[in-house]
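Participant: Can you read through this structure? Questions will come right after.
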Amino acid sequence: MKLYVIACDKSGYPALMKGIETGEGTDSVLTVQKIPCLGLVKESLLLETLEKEYDGILLVGCPLDSCYNLDGSRFAERRVHRVNALLQEAGIEKKVFLAFVTAEKTGELQRVLMLARSAFNKEESPT
Amino acid sequence: MNKVCVLSLSEIPIDLPGWVSQAEARWNRTIDLSLPQNRTIALSGPYDRVVVIGRSLSLNRENLSRVCHRYHFDPLRVHAYPMEGLTAMTPSQRLEQWENDFQTILSQPDPGQTGEVVSFQPEKKVLIIAPGEEERKAIADELAQLGIPSLSPTEPFSFARQGIQYEVMMEERRETVGAIAIAETNEKTFSFSISRETEETKKVIEWDDFQPRILMRSFRLQTVVFLVPEMVVPPEIWKKIFESARLLAERDGTRVLILCREVIVAGDHLEKAYRETREAGVLFEKIDFITLVLKPTLDMRGAWVDMTTERDGMSMTLHADWVVKVPGFHKIPTDFSHIFQADRIIQTVSRPENVNLPPFTLPYPGLFVIPGSRFLSNRSSALQEVAEYLQREILVEKGRALVDEEKCVLCLTCLRTCPWSAIDIEGNSRRKKARINWEQCHLCGLCLSSCPADAISLEGLTECYEIIQQ
């Protein structure tokens, strides 16, 4: 599974790097992009990235209620829902995942990665 | 300009001094190295590229701005390199990975413009907005003790943001202040509704009426239930509740039950009083007030209290001889519509429950909410926060966020979207466009992603931080 990870500067990136350092469930991470806030991610960026060889995109950022830029995570959630709906409608088996973490608590990140892995395994299985 | 600087914020697991000499020859660049152990070496810029290595937690934008300001780096040419990815590798793998990434950084296109990190120090003066003269004076006195002059405006007045500061416009003069302290106003509230039949027993009584009765009569072997349905109850009231409940329990052997959402004891020297009250036999129960039902007894001499405890979800009924209504406080937001001059109408400024923001601050830097006089213990910490803000140096990056004049269609989407209210409109009556105030901009990029005309660009914030994990 090839994942493109977009992480926010404040929470997502430190959490992700901590996960990479300890090797906890981040073996599927391929490319990491650091951005100031998840609210910066446009639908077009997500779709263009999915056109490349990646199986999916993972957005990692601050929790909804404590986004440093107040509305950034809310914007990202709305856009991810829209892109996932588009992909489903078009019958494309790629997906965008969203994980809200804090710099110290990486449990949610591992849960979402596990979810992503199981989603792709299901799609790849012959049944 | 073919100079590169490699600056490490912490010890890294690569032999950089050994690597530099061969790297300089290989890439035909002059590489200046700054490690934690040889920080005294003067860095002589300007540099074509700067690579800052460190732990990812320390590579946030604020920290990088600080580094840029200290060493006079151009922020558009700074690349952050996290070292976490290297730690799990063997030394040779590490070097290989580092060289690959370094090559990637060198091959990045030149930004084509220059950026700058500017340092600001807000004016050491605070505007106080308080409902009463007494409260305003109390805040001003406390600020004076901290060595900060304050400004009490003469009505009518209004204020507007001027970069990181605020300009206060009064009838006869204008003044610039670095911060604004808004005293919170509170009103008494008791949100739990009690049925009329129960009220008619005359055994449901207000806290203010109940207090004098404690000293005037005996409550021997009776049951008194205190209802505290509000979350915000001042520590002074809690202190009096503890004292009264303990007195009742110890003097008259009264069964006292305190039903509340939350008992506030920490930080207000109330721990001891709380412990002693519990030791005297007073029961505290945290309940969800939705489940609480009060019914009068048949003889109308008391009330039946039906409730479900939060602790174990057990429902229970008990007979109360007295039910005491303890009020809490509800914050009234300050009306900003007339006094805050901004492009976007700001009706009220409510405090966001966001752990990332410093306590007492609002989403506008320099605006602070000072808890009202009933929360004396919190007020000094809030004012301390104001003092710290005024002493802090504020670093702002110039030349990152830009609006393309040709593309801007003046739809005002960015103005509505910006969480920091850093965007306003400039231009004459024939041609107007959005303008990003770089002093106020936090470079979050929310406006960029929302702009339907694609007129806003952020230089070098998304492209340069890419790393590859194998």
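If you're wondering about the labels, chains in the structure tokens are A, B, ... by order shown, residues count from 1 in each chain, ligands from 1 in order shown.
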Please list as a PyMOL selection string every residue within 12 Å of Asn69 in chain A, counting only C-alpha atoms and excluding residues in the same chain fewer than 3 positions away.
Facilitator: (chain A and resi 8-11+36-40+61-66+72-76) or (chain B and resi 352+354-357+363-364+417-421+441-447)
Participant: Name the residues in contact with Ala85 in chain A at a cut-off of 10 Å, using only C-alpha atoms, excluding same-chain residues fewer than 6 positions from it; report them as a list of chain:residue names.
Facilitator: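 After dropping sequence-adjacent residues, the list is A:Arg79, A:Gly91, A:Lys95.
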Participant: Please, what distance in Å, to one decimal, runs between CA of Leu383 in chain B and CA of Tyr274 in chain B?
Facilitator: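 The value is 27.9 Å.
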Participant: If you run DSSP on this backbone, which residues of range 169-414 of chain B come out as strand (DSSP E or B), and could you give them as a ChimeraX atom specification?
Facilitator: /B:169-170,174-177,179-183,185-189,204-206,223-228,255-260,283-287,293-296,303-309,315-320,322-325,328-332,335,340-341,348,361,367-370,394-398,401-403
Participant: Any chance you could export the current selection's C-alpha atoms as a tab-separated table (two decimals), in the first residue's frame?
Facilitator:
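File written: out.tsv
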chain	number	residue	atom	x	y	z
B	169	MET	CA	-9.89	56.44	18.58
B	170	MET	CA	-11.47	58.78	21.06
B	174	ARG	CA	-5.88	58.75	19.28
B	175	GLU	CA	-3.62	56.34	21.11
B	176	THR	CA	-1.84	53.14	20.24
B	177	VAL	CA	-1.95	50.22	22.63
B	179	ALA	CA	-3.07	44.83	24.05
B	180	ILE	CA	-6.70	45.11	25.07
B	181	ALA	CA	-8.05	43.65	28.28
B	182	ILE	CA	-11.78	42.99	28.24
B	183	ALA	CA	-13.34	42.40	31.63
B	185	THR	CA	-19.40	40.54	32.70
B	186	ASN	CA	-21.44	37.87	34.37
B	187	GLU	CA	-25.04	37.50	35.36
B	188	LYS	CA	-26.52	35.30	38.00
B	189	THR	CA	-28.24	32.24	36.65
B	204	VAL	CA	-37.38	25.29	48.08
B	205	ILE	CA	-35.32	28.29	48.99
B	206	GLU	CA	-32.79	30.61	47.40
B	223	THR	CA	-32.14	16.72	55.32
B	224	VAL	CA	-30.88	19.66	53.30
B	225	VAL	CA	-30.15	19.28	49.58
B	226	PHE	CA	-28.09	21.92	47.80
B	227	LEU	CA	-28.67	22.15	44.05
B	228	VAL	CA	-25.69	23.53	42.09
B	255	ARG	CA	-27.90	15.26	56.59
B	256	VAL	CA	-26.45	17.48	53.85
B	257	LEU	CA	-26.29	16.44	50.22
B	258	ILE	CA	-24.72	18.67	47.58
B	259	LEU	CA	-25.85	17.87	44.03
B	260	CYS	CA	-23.69	19.48	41.38
B	283	LEU	CA	-22.16	14.05	50.78
B	284	PHE	CA	-21.24	15.37	47.35
B	285	GLU	CA	-22.86	13.81	44.31
B	286	LYS	CA	-22.17	14.67	40.70
B	287	ILE	CA	-25.34	14.23	38.71
B	293	VAL	CA	-36.91	15.29	39.35
B	294	LEU	CA	-38.31	17.14	42.36
B	295	LYS	CA	-41.78	16.29	43.65
B	296	PRO	CA	-43.57	17.59	46.73
B	303	ALA	CA	-39.73	17.30	48.57
B	304	TRP	CA	-38.84	13.94	47.05
B	305	VAL	CA	-35.60	14.12	45.11
B	306	ASP	CA	-35.29	11.59	42.25
B	307	MET	CA	-31.86	11.44	40.64
B	308	THR	CA	-29.34	9.28	38.81
B	309	THR	CA	-25.73	9.51	39.92
B	315	SER	CA	-31.14	5.98	40.43
B	316	MET	CA	-32.26	6.88	43.91
B	317	THR	CA	-34.99	8.77	45.70
B	318	LEU	CA	-34.61	10.63	48.96
B	319	HIS	CA	-36.68	12.87	51.11
B	320	ALA	CA	-35.45	16.45	51.51
B	322	TRP	CA	-35.04	21.74	52.46
B	323	VAL	CA	-33.90	22.28	48.90
B	324	VAL	CA	-31.44	25.14	48.43
B	325	LYS	CA	-31.00	26.72	45.00
B	328	GLY	CA	-23.99	30.11	39.16
B	329	PHE	CA	-22.77	32.70	36.75
B	330	HIS	CA	-23.30	33.06	33.06
B	331	LYS	CA	-20.91	35.11	30.93
B	332	ILE	CA	-22.42	37.95	28.92
B	335	ASP	CA	-20.90	43.83	22.30
B	340	PHE	CA	-14.27	47.23	16.94
B	341	GLN	CA	-13.65	48.86	13.56
B	348	THR	CA	-19.02	39.57	19.92
B	361	THR	CA	-6.67	34.97	24.68
B	367	LEU	CA	-7.06	40.69	22.86
B	368	PHE	CA	-7.47	39.16	26.29
B	369	VAL	CA	-10.51	38.27	28.34
B	370	ILE	CA	-10.02	39.06	31.99
B	394	ILE	CA	6.69	38.86	17.92
B	395	LEU	CA	8.28	37.56	14.75
B	396	VAL	CA	6.46	37.95	11.48
B	397	GLU	CA	7.46	36.70	8.04
B	398	LYS	CA	7.22	39.26	5.29
B	401	ALA	CA	1.44	35.58	1.30
B	402	LEU	CA	0.58	37.50	-1.85
B	403	VAL	CA	-2.61	38.47	-3.67
Participant: Of the candidates A:Met1, A:Leu115, A:Leu30, A:Ala99, which one gets nearest to chain B if we count only C-alpha atoms?
Facilitator: A:Leu30
Participant: Can you pull out every residue within 8 Å of range 231-242 of chain B, counting only C-alpha atoms, but drop anything in the same chain fewer than 2 positions away, and send it as a PyMOL selection string?
Facilitator: chain B and resi 229+244-246+261-262+264-265+268+270+273-274+277+327-330+374-375
Participant: If we count only C-alpha atoms and set the cut-off at 6 Å, which residues sit around Ala7 in chain A, ignoring sequence neighbours fewer than 3 positions away in its own chain? Please answer as a ChimeraX atom specification.
Facilitator: /A:12-13,34,59-61
Participant: Do you know which residues are at most 8 Å from Thr114 in chain B counting only C-alpha atoms, after dropping those on the same chain fewer than 4 positions away, and could you put them as a list in words?
Facilitator: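 With the cut-off at 8 Å, the set is Asp74, Leu76 and Gly399 of chain B.
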Participant: Please dump the current selection as a PDB file, in the first residue's frame; keep N, CA, C and O atoms.
Facilitator:
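Below is the file that was written, result12.pdb:
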ATOM      1  N   ASP B  74      17.108  34.150   4.896  1.00  0.00           N
ATOM      2  CA  ASP B  74      15.901  34.442   4.116  1.00  0.00           C
ATOM      3  C   ASP B  74      14.929  33.271   4.329  1.00  0.00           C
ATOM      4  O   ASP B  74      15.252  32.136   3.965  1.00  0.00           O
ATOM      5  N   LEU B  76      12.431  32.210   2.839  1.00  0.00           N
ATOM      6  CA  LEU B  76      11.996  31.486   1.640  1.00  0.00           C
ATOM      7  C   LEU B  76      13.046  30.472   1.188  1.00  0.00           C
ATOM      8  O   LEU B  76      12.766  29.604   0.371  1.00  0.00           O
ATOM      9  N   GLY B 399       6.528  38.899   3.023  1.00  0.00           N
ATOM     10  CA  GLY B 399       6.731  38.507   1.633  1.00  0.00           C
ATOM     11  C   GLY B 399       6.350  37.089   1.298  1.00  0.00           C
ATOM     12  O   GLY B 399       6.796  36.542   0.301  1.00  0.00           O
TER      13      GLY B 399
END
Participant: From the options A:Ala103, A:Val80, A:Ala90, A:Leu46, which residue's atoms come nearest to Gly19 in chain A, counting only C-alpha atoms?
Facilitator: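 Residue with the minimum atom-to-atom distance to Gly19 in chain A: A:Ala103.
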Participant: Neighbours of Ala455 in chain B within 6 Å (only C-alpha atoms; same-chain residues fewer than 3 positions away dropped), as a VMD selection string?
Facilitator: chain B and resid 403 to 404 407 to 408
Participant: Can you pull out the residues contacting Glu142 in chain B? Cut-off 10 Å, using only C-alpha atoms, and skip same-chain residues under 5 positions away; I want them as a list in words.
Facilitator: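 Everything that qualifies: Lys137, Gly147, Ile148, Arg379, Ser380, Leu383 and Gln384 of chain B.
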Participant: How would the residues just picked look written out with C-alpha atoms as a short mmCIF file (atom, residue, chain, number, x, y, z; two decimals), in the first residue's frame?
Facilitator:
data_model
loop_
_atom_site.label_atom_id
_atom_site.label_comp_id
_atom_site.auth_asym_id
_atom_site.auth_seq_id
_atom_site.Cartn_x
_atom_site.Cartn_y
_atom_site.Cartn_z
CA LYS B 137 -9.69 50.71 38.35
CA GLY B 147 4.71 47.83 35.58
CA ILE B 148 2.33 48.20 32.66
CA ARG B 379 -7.67 37.58 37.22
CA SER B 380 -4.05 37.89 38.29
CA LEU B 383 -3.06 39.84 33.70
CA GLN B 384 0.22 37.99 34.05
#
Participant: Can you list, as an MDAnalysis selection string, every residue of range 165-302 of chain B that DSSP puts in helix (DSSP H, G or I)?
Facilitator: chainID B and resid 196:200 207:216 235:252 271:279
Participant: One decimal, Å: what's the distance from CA of Asp321 in chain B over to CA of Thr198 in chain B, could you say?
Facilitator: 11.6 Å
Participant: When distances are computed from only C-alpha atoms, which of A:Asp71, A:Glu48, A:Asp55, A:Glu21 shows the smallest separation from Val96 in chain A?
Facilitator: A:Asp55
Participant: Between CA of Val52 in chain B and CA of Leu7 in chain B, measure the distance and give it in Å to one decimal.
Facilitator: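 About the pair CA of Val52 in chain B and CA of Leu7 in chain B: they are 4.9 Å apart.
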Participant: Check the smallest atom-to-atom distance from each of A:Thr102, A:Val83, A:Ala119, A:Ile57 to chain B using only C-alpha atoms, then report the winner.
Facilitator: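 Checking each of A:Thr102, A:Val83, A:Ala119, A:Ile57 against chain B, counting only C-alpha atoms, the winner is A:Thr102.
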